[in-house]
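One file, model_3.csv, is given below (CSV, N, CA and C atoms).
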chain,number,residue,atom,x,y,z
A,1,MET,N,24.8,3.0,-54.8
A,1,MET,CA,25.8,3.9,-54.7
A,1,MET,C,25.7,4.8,-53.4
A,2,ASN,N,24.5,5.3,-53.1
A,2,ASN,CA,24.3,6.0,-51.9
A,2,ASN,C,24.5,5.2,-50.7
A,3,TRP,N,24.2,3.9,-50.8
A,3,TRP,CA,24.4,3.0,-49.6
A,3,TRP,C,25.9,3.0,-49.2
A,4,LYS,N,26.8,2.9,-50.2
A,4,LYS,CA,28.2,2.8,-49.9
A,4,LYS,C,28.7,4.1,-49.3
A,5,VAL,N,28.2,5.2,-49.8
A,5,VAL,CA,28.6,6.5,-49.2
A,5,VAL,C,28.2,6.5,-47.7
A,6,CYS,N,27.0,6.1,-47.4
A,6,CYS,CA,26.4,6.1,-46.1
A,6,CYS,C,27.2,5.1,-45.2
A,7,TYR,N,27.5,4.0,-45.8
A,7,TYR,CA,28.2,2.9,-45.0
A,7,TYR,C,29.7,3.4,-44.7
A,8,ASN,N,30.3,4.1,-45.6
A,8,ASN,CA,31.7,4.6,-45.4
A,8,ASN,C,31.7,5.7,-44.4
A,9,SER,N,30.7,6.5,-44.4
A,9,SER,CA,30.6,7.6,-43.4
A,9,SER,C,30.4,7.0,-42.0
A,10,ILE,N,29.6,5.9,-41.9
A,10,ILE,CA,29.4,5.3,-40.6
A,10,ILE,C,30.7,4.7,-40.1
A,11,MET,N,31.4,4.0,-41.0
A,11,MET,CA,32.6,3.3,-40.6
A,11,MET,C,33.7,4.4,-40.2
A,12,SER,N,33.7,5.5,-40.8
A,12,SER,CA,34.7,6.5,-40.5
A,12,SER,C,34.4,7.1,-39.1
A,13,LYS,N,33.1,7.2,-38.7
A,13,LYS,CA,32.7,7.7,-37.4
A,13,LYS,C,33.2,6.7,-36.3
A,14,LYS,N,33.0,5.4,-36.6
A,14,LYS,CA,33.4,4.3,-35.6
A,14,LYS,C,34.9,4.3,-35.5
A,15,SER,N,35.7,4.6,-36.5
A,15,SER,CA,37.1,4.5,-36.4
A,15,SER,C,37.8,5.8,-35.8
A,16,ARG,N,37.0,6.8,-35.5
A,16,ARG,CA,37.5,8.0,-34.9
A,16,ARG,C,37.8,7.7,-33.4
A,17,PRO,N,38.9,8.3,-32.9
A,17,PRO,CA,39.2,8.1,-31.5
A,17,PRO,C,38.1,8.6,-30.6
A,18,LYS,N,37.9,7.9,-29.5
A,18,LYS,CA,36.8,8.3,-28.6
A,18,LYS,C,37.3,9.5,-27.8
A,19,LYS,N,36.4,10.4,-27.6
A,19,LYS,CA,36.7,11.6,-26.8
A,19,LYS,C,37.1,11.2,-25.4
A,20,VAL,N,38.1,11.9,-24.9
A,20,VAL,CA,38.6,11.6,-23.5
A,20,VAL,C,38.3,12.8,-22.6
A,21,ASN,N,37.7,12.5,-21.5
A,21,ASN,CA,37.4,13.5,-20.5
A,21,ASN,C,38.7,13.8,-19.7
A,22,LYS,N,39.3,14.9,-19.8
A,22,LYS,CA,40.5,15.2,-19.2
A,22,LYS,C,40.4,15.2,-17.6
A,23,TYR,N,39.2,15.3,-17.1
A,23,TYR,CA,39.0,15.4,-15.7
A,23,TYR,C,38.6,14.0,-15.1
A,24,ASP,N,38.4,13.0,-16.0
A,24,ASP,CA,38.0,11.7,-15.5
A,24,ASP,C,39.0,11.1,-14.5
A,25,ASN,N,40.2,11.3,-14.7
A,25,ASN,CA,41.3,10.7,-13.8
A,25,ASN,C,41.1,11.3,-12.4
A,26,LEU,N,40.6,12.5,-12.3
A,26,LEU,CA,40.5,13.1,-11.0
A,26,LEU,C,39.4,12.4,-10.2
A,27,SER,N,38.4,11.8,-10.8
A,27,SER,CA,37.3,11.2,-10.1
A,27,SER,C,37.5,9.7,-9.9
A,28,LYS,N,38.6,9.1,-10.4
A,28,LYS,CA,38.9,7.7,-10.2
A,28,LYS,C,39.4,7.4,-8.8
A,29,PRO,N,38.9,6.3,-8.3
A,29,PRO,CA,39.4,5.9,-6.9
A,29,PRO,C,40.9,5.6,-7.0
A,30,GLN,N,41.6,5.9,-5.9
A,30,GLN,CA,43.0,5.8,-5.9
A,30,GLN,C,43.4,4.3,-5.4
A,31,ALA,N,42.4,3.7,-4.8
A,31,ALA,CA,42.7,2.3,-4.3
A,31,ALA,C,41.3,1.6,-4.2
A,32,GLU,N,41.3,0.3,-4.3
A,32,GLU,CA,40.1,-0.5,-4.2
A,32,GLU,C,40.3,-1.8,-3.4
A,33,PHE,N,39.2,-2.2,-2.7
A,33,PHE,CA,39.2,-3.4,-1.9
A,33,PHE,C,38.0,-4.2,-2.3
A,34,ASP,N,38.3,-5.5,-2.6
A,34,ASP,CA,37.3,-6.4,-3.1
A,34,ASP,C,36.9,-7.4,-2.1
A,35,PHE,N,35.6,-7.5,-1.7
A,35,PHE,CA,35.2,-8.5,-0.7
A,35,PHE,C,34.9,-9.8,-1.3
A,36,HIS,N,34.9,-10.0,-2.6
A,36,HIS,CA,34.6,-11.3,-3.2
A,36,HIS,C,35.7,-12.3,-2.9
A,37,ASP,N,35.3,-13.6,-2.9
A,37,ASP,CA,36.2,-14.7,-2.7
A,37,ASP,C,36.9,-14.7,-1.3
A,38,ARG,N,36.2,-14.1,-0.3
A,38,ARG,CA,36.7,-14.1,1.0
A,38,ARG,C,36.0,-15.1,2.0
A,39,GLY,N,35.1,-15.9,1.4
A,39,GLY,CA,34.3,-16.8,2.1
A,39,GLY,C,33.2,-16.1,2.9
A,40,LEU,N,32.7,-16.9,3.9
A,40,LEU,CA,31.6,-16.4,4.7
A,40,LEU,C,32.1,-15.4,5.7
A,41,LEU,N,31.6,-14.1,5.7
A,41,LEU,CA,32.2,-13.1,6.5
A,41,LEU,C,31.1,-12.7,7.6
A,42,ARG,N,31.6,-12.6,8.8
A,42,ARG,CA,30.7,-12.0,9.9
A,42,ARG,C,31.0,-10.5,10.0
A,43,GLU,N,30.2,-9.8,10.7
A,43,GLU,CA,30.4,-8.4,10.8
A,43,GLU,C,31.7,-8.0,11.3
A,44,ASN,N,32.3,-8.7,12.3
A,44,ASN,CA,33.6,-8.5,12.8
A,44,ASN,C,34.7,-8.6,11.8
A,45,ASP,N,34.5,-9.6,10.9
A,45,ASP,CA,35.4,-9.9,9.8
A,45,ASP,C,35.4,-8.7,8.8
A,46,MET,N,34.2,-8.3,8.5
A,46,MET,CA,34.0,-7.2,7.5
A,46,MET,C,34.7,-5.9,8.1
A,47,ARG,N,34.4,-5.6,9.4
A,47,ARG,CA,34.9,-4.5,10.0
A,47,ARG,C,36.5,-4.5,10.1
A,48,ASP,N,37.0,-5.7,10.4
A,48,ASP,CA,38.5,-5.8,10.5
A,48,ASP,C,39.1,-5.6,9.1
A,49,LEU,N,38.6,-6.2,8.1
A,49,LEU,CA,39.1,-6.0,6.7
A,49,LEU,C,39.0,-4.6,6.3
A,50,ALA,N,37.9,-3.9,6.5
A,50,ALA,CA,37.7,-2.5,6.1
A,50,ALA,C,38.7,-1.6,6.9
A,51,ASP,N,38.8,-1.9,8.2
A,51,ASP,CA,39.8,-1.0,9.0
A,51,ASP,C,41.2,-1.2,8.6
A,52,GLU,N,41.6,-2.4,8.3
A,52,GLU,CA,43.0,-2.6,7.8
A,52,GLU,C,43.2,-1.9,6.5
A,53,PHE,N,42.3,-1.9,5.6
A,53,PHE,CA,42.4,-1.3,4.3
A,53,PHE,C,42.4,0.3,4.5
A,54,LEU,N,41.5,0.8,5.3
A,54,LEU,CA,41.4,2.2,5.5
A,54,LEU,C,42.6,2.7,6.2
A,55,GLU,N,43.2,2.0,7.1
A,55,GLU,CA,44.4,2.4,7.8
A,55,GLU,C,45.6,2.6,6.7
A,56,GLU,N,45.7,1.6,5.9
A,56,GLU,CA,46.7,1.7,4.8
A,56,GLU,C,46.5,2.9,3.9
A,57,CYS,N,45.2,3.1,3.5
A,57,CYS,CA,44.9,4.2,2.6
A,57,CYS,C,45.2,5.6,3.3
A,58,LEU,N,44.9,5.7,4.6
A,58,LEU,CA,45.2,6.9,5.3
A,58,LEU,C,46.7,7.1,5.4
A,59,ASP,N,47.4,6.1,5.7
A,59,ASP,CA,48.9,6.2,5.8
A,59,ASP,C,49.5,6.6,4.5
A,60,ARG,N,48.9,6.2,3.4
A,60,ARG,CA,49.4,6.6,2.1
A,60,ARG,C,48.8,8.0,1.6
A,61,GLY,N,47.9,8.6,2.4
A,61,GLY,CA,47.3,9.9,2.1
A,61,GLY,C,46.3,9.9,0.9
A,62,LEU,N,45.7,8.7,0.8
A,62,LEU,CA,44.7,8.6,-0.3
A,62,LEU,C,43.3,9.2,0.1
A,63,MET,N,42.6,9.8,-0.8
A,63,MET,CA,41.4,10.5,-0.5
A,63,MET,C,40.1,9.8,-1.0
A,64,LYS,N,40.3,9.1,-2.1
A,64,LYS,CA,39.1,8.4,-2.8
A,64,LYS,C,39.4,6.9,-3.0
A,65,ILE,N,38.5,6.1,-2.4
A,65,ILE,CA,38.7,4.7,-2.4
A,65,ILE,C,37.4,4.0,-2.8
A,66,LEU,N,37.5,2.7,-3.3
A,66,LEU,CA,36.4,2.0,-3.7
A,66,LEU,C,36.3,0.6,-3.0
A,67,PHE,N,35.2,0.3,-2.4
A,67,PHE,CA,34.9,-1.0,-1.9
A,67,PHE,C,34.1,-1.8,-2.8
A,68,ILE,N,34.5,-2.9,-3.3
A,68,ILE,CA,33.7,-3.8,-4.1
A,68,ILE,C,33.0,-4.8,-3.2
A,69,THR,N,31.7,-4.6,-3.0
A,69,THR,CA,31.0,-5.5,-2.1
A,69,THR,C,30.2,-6.5,-2.8
A,70,GLY,N,29.9,-6.3,-4.0
A,70,GLY,CA,29.0,-7.2,-4.8
A,70,GLY,C,27.6,-6.8,-4.5
A,71,LYS,N,26.6,-7.3,-5.3
A,71,LYS,CA,25.2,-6.9,-5.1
A,71,LYS,C,24.5,-7.7,-4.1
A,72,GLY,N,25.1,-8.8,-3.7
A,72,GLY,CA,24.4,-9.6,-2.7
A,72,GLY,C,23.5,-10.6,-3.3
A,73,LEU,N,23.6,-10.9,-4.6
A,73,LEU,CA,22.7,-11.8,-5.2
A,73,LEU,C,22.8,-13.3,-4.7
A,74,HIS,N,24.0,-13.6,-4.2
A,74,HIS,CA,24.2,-15.0,-3.8
A,74,HIS,C,24.2,-15.1,-2.3
A,75,SER,N,23.7,-14.1,-1.6
A,75,SER,CA,23.5,-14.2,-0.1
A,75,SER,C,22.5,-15.2,0.2
A,76,LYS,N,22.6,-15.9,1.4
A,76,LYS,CA,21.6,-16.9,1.7
A,76,LYS,C,20.2,-16.4,1.8
A,77,SER,N,20.0,-15.2,2.3
A,77,SER,CA,18.7,-14.6,2.5
A,77,SER,C,18.2,-14.0,1.2
A,78,GLY,N,19.1,-13.9,0.2
A,78,GLY,CA,18.8,-13.2,-1.1
A,78,GLY,C,18.8,-11.7,-1.0
A,79,MET,N,19.2,-11.2,0.2
A,79,MET,CA,19.4,-9.8,0.4
A,79,MET,C,20.8,-9.5,0.6
A,80,PRO,N,21.3,-8.3,0.2
A,80,PRO,CA,22.7,-7.9,0.4
A,80,PRO,C,23.0,-7.8,1.9
A,81,ILE,N,24.2,-8.2,2.3
A,81,ILE,CA,24.6,-8.1,3.7
A,81,ILE,C,25.8,-7.2,3.9
A,82,ILE,N,26.8,-7.4,3.0
A,82,ILE,CA,28.1,-6.6,3.2
A,82,ILE,C,27.8,-5.1,3.0
A,83,LYS,N,27.2,-4.8,1.8
A,83,LYS,CA,27.1,-3.4,1.5
A,83,LYS,C,26.3,-2.5,2.5
A,84,PRO,N,25.2,-3.0,3.0
A,84,PRO,CA,24.5,-2.2,4.0
A,84,PRO,C,25.2,-2.0,5.3
A,85,PHE,N,25.9,-3.1,5.7
A,85,PHE,CA,26.7,-3.1,6.9
A,85,PHE,C,27.8,-2.1,6.8
A,86,LEU,N,28.6,-2.3,5.6
A,86,LEU,CA,29.7,-1.4,5.4
A,86,LEU,C,29.4,0.0,5.3
A,87,ARG,N,28.3,0.4,4.6
A,87,ARG,CA,27.9,1.8,4.5
A,87,ARG,C,27.6,2.4,5.8
A,88,LYS,N,26.9,1.6,6.6
A,88,LYS,CA,26.5,2.1,8.0
A,88,LYS,C,27.7,2.3,8.8
A,89,TYR,N,28.6,1.3,8.8
A,89,TYR,CA,29.9,1.4,9.6
A,89,TYR,C,30.8,2.5,9.1
A,90,LEU,N,31.0,2.7,7.8
A,90,LEU,CA,31.9,3.8,7.3
A,90,LEU,C,31.4,5.1,7.7
A,91,GLN,N,30.0,5.3,7.7
A,91,GLN,CA,29.5,6.6,8.1
A,91,GLN,C,29.7,7.0,9.5
A,92,THR,N,30.1,6.1,10.4
A,92,THR,CA,30.4,6.4,11.8
A,92,THR,C,31.8,6.8,12.0
A,93,LEU,N,32.7,6.6,11.0
A,93,LEU,CA,34.1,6.9,11.2
A,93,LEU,C,34.4,8.4,11.0
A,94,PRO,N,35.2,9.0,11.9
A,94,PRO,CA,35.4,10.5,11.8
A,94,PRO,C,36.1,11.0,10.6
A,95,PHE,N,37.0,10.1,10.0
A,95,PHE,CA,37.8,10.5,8.8
A,95,PHE,C,37.1,10.2,7.5
A,96,VAL,N,35.9,9.7,7.5
A,96,VAL,CA,35.1,9.4,6.3
A,96,VAL,C,34.2,10.6,6.0
A,97,VAL,N,34.4,11.3,4.9
A,97,VAL,CA,33.7,12.5,4.6
A,97,VAL,C,32.4,12.1,3.9
A,98,ARG,N,32.4,11.1,3.0
A,98,ARG,CA,31.2,10.7,2.2
A,98,ARG,C,31.3,9.3,1.8
A,99,VAL,N,30.1,8.6,1.8
A,99,VAL,CA,30.0,7.3,1.3
A,99,VAL,C,28.8,7.2,0.3
A,100,TYR,N,29.1,6.7,-0.9
A,100,TYR,CA,28.0,6.7,-1.9
A,100,TYR,C,28.2,5.5,-2.8
A,101,GLU,N,27.1,5.2,-3.5
A,101,GLU,CA,27.2,4.1,-4.5
A,101,GLU,C,28.1,4.4,-5.6
A,102,GLY,N,28.9,3.5,-6.1
A,102,GLY,CA,29.8,3.7,-7.1
A,102,GLY,C,29.2,4.0,-8.5
A,103,ARG,N,29.9,4.6,-9.4
A,103,ARG,CA,29.5,4.8,-10.7
A,103,ARG,C,29.2,3.5,-11.4
A,104,TYR,N,28.4,3.5,-12.4
A,104,TYR,CA,28.0,2.3,-13.2
A,104,TYR,C,29.2,1.6,-13.8
A,105,ASP,N,30.2,2.4,-14.3
A,105,ASP,CA,31.3,1.8,-15.0
A,105,ASP,C,32.4,1.3,-13.9
A,106,ARG,N,32.1,1.5,-12.7
A,106,ARG,CA,33.0,0.9,-11.6
A,106,ARG,C,32.3,-0.1,-10.8
A,107,GLY,N,31.1,-0.6,-11.2
A,107,GLY,CA,30.4,-1.6,-10.5
A,107,GLY,C,29.1,-1.2,-10.0
A,108,GLY,N,28.7,0.1,-10.1
A,108,GLY,CA,27.4,0.5,-9.7
A,108,GLY,C,26.9,0.1,-8.3
A,109,SER,N,25.8,-0.6,-8.3
A,109,SER,CA,25.2,-1.0,-7.0
A,109,SER,C,25.9,-2.1,-6.3
A,110,GLY,N,27.0,-2.6,-6.9
A,110,GLY,CA,27.9,-3.6,-6.2
A,110,GLY,C,29.1,-3.0,-5.6
A,111,THR,N,29.1,-1.6,-5.5
A,111,THR,CA,30.3,-0.9,-5.0
A,111,THR,C,29.9,0.2,-4.1
A,112,LEU,N,30.9,0.7,-3.3
A,112,LEU,CA,30.7,1.9,-2.5
A,112,LEU,C,32.0,2.7,-2.7
A,113,GLU,N,31.8,4.0,-3.1
A,113,GLU,CA,32.9,4.9,-3.2
A,113,GLU,C,33.0,5.7,-1.9
A,114,VAL,N,34.2,5.9,-1.4
A,114,VAL,CA,34.4,6.6,-0.1
A,114,VAL,C,35.4,7.7,-0.3
A,115,ILE,N,35.0,8.9,0.2
A,115,ILE,CA,35.9,10.0,0.3
A,115,ILE,C,36.4,10.1,1.7
A,116,LEU,N,37.8,10.2,1.8
A,116,LEU,CA,38.4,10.2,3.1
A,116,LEU,C,39.0,11.6,3.4
A,117,ASN,N,39.1,12.0,4.6
A,117,ASN,CA,39.8,13.2,5.0
A,117,ASN,C,41.1,12.7,5.8
A,118,PRO,N,42.2,12.6,5.2
A,118,PRO,CA,43.4,12.0,5.8
A,118,PRO,C,43.9,12.8,7.0
A,119,LYS,N,43.5,14.1,7.1
A,119,LYS,CA,43.9,14.9,8.2
A,119,LYS,C,43.1,14.8,9.4
A,120,ALA,N,42.0,14.1,9.3
A,120,ALA,CA,41.0,14.0,10.5
A,120,ALA,C,41.6,13.1,11.6

Final C-alpha cells representation of the file:
Amino acid sequence: MNWKVCYNSIMSKKSRPKKVNKYDNLSKPQAEFDFHDRGLLRENDMRDLADEFLEECLDRGLMKILFITGKGLHSKSGMPIIKPFLRKYLQTLPFVVRVYEGRYDRGGSGTLEVILNPKA
C-alpha cells in the first residue's frame, strides 16, 4: 500500500509542468551559423563565410549569435581547426564585444557564442 502512494507521488511530480525561466529567451542567440557539411575549409573560406554571416547579422541589428563549429573530432589531425581559428579571428573584429564557448544545451564545446555591437 505504501509503495502505491509513493509511486503515485513520483508520477505526479513527473507530470507537473517544468518551470520556465522567464529570462531564458533574453540569453538565446538571435541567429546561428553551422560550419558542418561545408566540406574541407581553408582559413580564407572560414573567414569569408563568417564575414558574410556577420555582415547580415549587423545589417539586421542582431546582438547575440551562435557559430556551430563542431568539436573537431573528425579533423585529420584529430585536433579542432575551425573553432580556434574562428575564435582568434572574431576577437580581432572591432564590432565583436565578446566571444565565448556556448552553453551546454546549445552545443557546448562545439560552439562559439558571440556578442556584437551593431553600432561600432

Quote the spacing between atom C of Glu113 of chain A and atom CA of Gly72 of chain A in Å to one decimal place.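 Computing it gives 17.6 Å between the two atoms.
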
Who sits within 8 Å of Leu62 of chain A, all atoms listed in the file, same chain under 3 positions skipped, as a PDB file with N, CA and C atoms, in the coordinates of the input:
ATOM      1  N   GLN A  30      41.600   5.900  -5.900  1.00  0.00           N
ATOM      2  CA  GLN A  30      43.000   5.800  -5.900  1.00  0.00           C
ATOM      3  C   GLN A  30      43.400   4.300  -5.400  1.00  0.00           C
ATOM      4  N   ALA A  31      42.400   3.700  -4.800  1.00  0.00           N
ATOM      5  CA  ALA A  31      42.700   2.300  -4.300  1.00  0.00           C
ATOM      6  C   ALA A  31      41.300   1.600  -4.200  1.00  0.00           C
ATOM      7  N   GLU A  56      45.700   1.600   5.900  1.00  0.00           N
ATOM      8  CA  GLU A  56      46.700   1.700   4.800  1.00  0.00           C
ATOM      9  C   GLU A  56      46.500   2.900   3.900  1.00  0.00           C
ATOM     10  N   CYS A  57      45.200   3.100   3.500  1.00  0.00           N
ATOM     11  CA  CYS A  57      44.900   4.200   2.600  1.00  0.00           C
ATOM     12  C   CYS A  57      45.200   5.600   3.300  1.00  0.00           C
ATOM     13  N   LEU A  58      44.900   5.700   4.600  1.00  0.00           N
ATOM     14  CA  LEU A  58      45.200   6.900   5.300  1.00  0.00           C
ATOM     15  C   LEU A  58      46.700   7.100   5.400  1.00  0.00           C
ATOM     16  N   ASP A  59      47.400   6.100   5.700  1.00  0.00           N
ATOM     17  CA  ASP A  59      48.900   6.200   5.800  1.00  0.00           C
ATOM     18  C   ASP A  59      49.500   6.600   4.500  1.00  0.00           C
ATOM     19  N   ILE A  65      38.500   6.100  -2.400  1.00  0.00           N
ATOM     20  CA  ILE A  65      38.700   4.700  -2.400  1.00  0.00           C
ATOM     21  C   ILE A  65      37.400   4.000  -2.800  1.00  0.00           C
ATOM     22  N   ILE A 115      35.000   8.900   0.200  1.00  0.00           N
ATOM     23  CA  ILE A 115      35.900  10.000   0.300  1.00  0.00           C
ATOM     24  C   ILE A 115      36.400  10.100   1.700  1.00  0.00           C
ATOM     25  N   LEU A 116      37.800  10.200   1.800  1.00  0.00           N
ATOM     26  CA  LEU A 116      38.400  10.200   3.100  1.00  0.00           C
ATOM     27  C   LEU A 116      39.000  11.600   3.400  1.00  0.00           C
ATOM     28  N   ASN A 117      39.100  12.000   4.600  1.00  0.00           N
ATOM     29  CA  ASN A 117      39.800  13.200   5.000  1.00  0.00           C
ATOM     30  C   ASN A 117      41.100  12.700   5.800  1.00  0.00           C
ATOM     31  N   PRO A 118      42.200  12.600   5.200  1.00  0.00           N
ATOM     32  CA  PRO A 118      43.400  12.000   5.800  1.00  0.00           C
ATOM     33  C   PRO A 118      43.900  12.800   7.000  1.00  0.00           C
TER      34      PRO A 118
END

Quick one: residues within 10 Å of segment 80-91 of chain A, only C-alpha atoms, excluding same-chain residues fewer than 5 positions away - as a PyMOL selection string? chain A and resi 35+41-43+46-47+50-51+54+67-75+96-101+109-114

Interatomic distance between atom CA of Leu66 of chain A and atom CA of Asp37 of chain A? 16.7 Å

Closest of A:Phe95, A:Asp34, A:Gly102, A:Met63 to Leu49 of chain A - atom-to-atom distances counting only C-alpha atoms: A:Asp34

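Rounded to one decimal, atom CA of Leu40 of chain A and atom CA of Phe53 of chain A lie 18.6 Å from each other.
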
Quick one: pick out all strand (DSSP E or B) residues within segment 15-95 of chain A from a backbone DSSP run and write them as a ChimeraX atom specification. /A:31-34,64-68

Which of segment 15-109 of chain A counts as helix (DSSP H, G or I) under DSSP, as a compact mmCIF listing (two decimals) with N, CA and C atoms, keeping the file's coordinate frame please?
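So the final result, stored in out.txt, reads:
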# COMPACT_ATOMS: atom_id res chain seq x y z
N SER A 15 35.70 4.60 -36.50
CA SER A 15 37.10 4.50 -36.40
C SER A 15 37.80 5.80 -35.80
N ASP A 24 38.40 13.00 -16.00
CA ASP A 24 38.00 11.70 -15.50
C ASP A 24 39.00 11.10 -14.50
N ASN A 25 40.20 11.30 -14.70
CA ASN A 25 41.30 10.70 -13.80
C ASN A 25 41.10 11.30 -12.40
N LEU A 26 40.60 12.50 -12.30
CA LEU A 26 40.50 13.10 -11.00
C LEU A 26 39.40 12.40 -10.20
N SER A 27 38.40 11.80 -10.80
CA SER A 27 37.30 11.20 -10.10
C SER A 27 37.50 9.70 -9.90
N GLU A 43 30.20 -9.80 10.70
CA GLU A 43 30.40 -8.40 10.80
C GLU A 43 31.70 -8.00 11.30
N ASN A 44 32.30 -8.70 12.30
CA ASN A 44 33.60 -8.50 12.80
C ASN A 44 34.70 -8.60 11.80
N ASP A 45 34.50 -9.60 10.90
CA ASP A 45 35.40 -9.90 9.80
C ASP A 45 35.40 -8.70 8.80
N MET A 46 34.20 -8.30 8.50
CA MET A 46 34.00 -7.20 7.50
C MET A 46 34.70 -5.90 8.10
N ARG A 47 34.40 -5.60 9.40
CA ARG A 47 34.90 -4.50 10.00
C ARG A 47 36.50 -4.50 10.10
N ASP A 48 37.00 -5.70 10.40
CA ASP A 48 38.50 -5.80 10.50
C ASP A 48 39.10 -5.60 9.10
N LEU A 49 38.60 -6.20 8.10
CA LEU A 49 39.10 -6.00 6.70
C LEU A 49 39.00 -4.60 6.30
N ALA A 50 37.90 -3.90 6.50
CA ALA A 50 37.70 -2.50 6.10
C ALA A 50 38.70 -1.60 6.90
N ASP A 51 38.80 -1.90 8.20
CA ASP A 51 39.80 -1.00 9.00
C ASP A 51 41.20 -1.20 8.60
N GLU A 52 41.60 -2.40 8.30
CA GLU A 52 43.00 -2.60 7.80
C GLU A 52 43.20 -1.90 6.50
N PHE A 53 42.30 -1.90 5.60
CA PHE A 53 42.40 -1.30 4.30
C PHE A 53 42.40 0.30 4.50
N LEU A 54 41.50 0.80 5.30
CA LEU A 54 41.40 2.20 5.50
C LEU A 54 42.60 2.70 6.20
N GLU A 55 43.20 2.00 7.10
CA GLU A 55 44.40 2.40 7.80
C GLU A 55 45.60 2.60 6.70
N GLU A 56 45.70 1.60 5.90
CA GLU A 56 46.70 1.70 4.80
C GLU A 56 46.50 2.90 3.90
N CYS A 57 45.20 3.10 3.50
CA CYS A 57 44.90 4.20 2.60
C CYS A 57 45.20 5.60 3.30
N LEU A 58 44.90 5.70 4.60
CA LEU A 58 45.20 6.90 5.30
C LEU A 58 46.70 7.10 5.40
N ASP A 59 47.40 6.10 5.70
CA ASP A 59 48.90 6.20 5.80
C ASP A 59 49.50 6.60 4.50
N ILE A 82 26.80 -7.40 3.00
CA ILE A 82 28.10 -6.60 3.20
C ILE A 82 27.80 -5.10 3.00
N LYS A 83 27.20 -4.80 1.80
CA LYS A 83 27.10 -3.40 1.50
C LYS A 83 26.30 -2.50 2.50
N PRO A 84 25.20 -3.00 3.00
CA PRO A 84 24.50 -2.20 4.00
C PRO A 84 25.20 -2.00 5.30
N PHE A 85 25.90 -3.10 5.70
CA PHE A 85 26.70 -3.10 6.90
C PHE A 85 27.80 -2.10 6.80
N LEU A 86 28.60 -2.30 5.60
CA LEU A 86 29.70 -1.40 5.40
C LEU A 86 29.40 0.00 5.30
N ARG A 87 28.30 0.40 4.60
CA ARG A 87 27.90 1.80 4.50
C ARG A 87 27.60 2.40 5.80
N LYS A 88 26.90 1.60 6.60
CA LYS A 88 26.50 2.10 8.00
C LYS A 88 27.70 2.30 8.80
N TYR A 89 28.60 1.30 8.80
CA TYR A 89 29.90 1.40 9.60
C TYR A 89 30.80 2.50 9.10
N LEU A 90 31.00 2.70 7.80
CA LEU A 90 31.90 3.80 7.30
C LEU A 90 31.40 5.10 7.70
N TYR A 104 28.40 3.50 -12.40
CA TYR A 104 28.00 2.30 -13.20
C TYR A 104 29.20 1.60 -13.80
N ASP A 105 30.20 2.40 -14.30
CA ASP A 105 31.30 1.80 -15.00
C ASP A 105 32.40 1.30 -13.90
N ARG A 106 32.10 1.50 -12.70
CA ARG A 106 33.00 0.90 -11.60
C ARG A 106 32.30 -0.10 -10.80
N GLY A 108 28.70 0.10 -10.10
CA GLY A 108 27.40 0.50 -9.70
C GLY A 108 26.90 0.10 -8.30
N SER A 109 25.80 -0.60 -8.30
CA SER A 109 25.20 -1.00 -7.00
C SER A 109 25.90 -2.10 -6.30
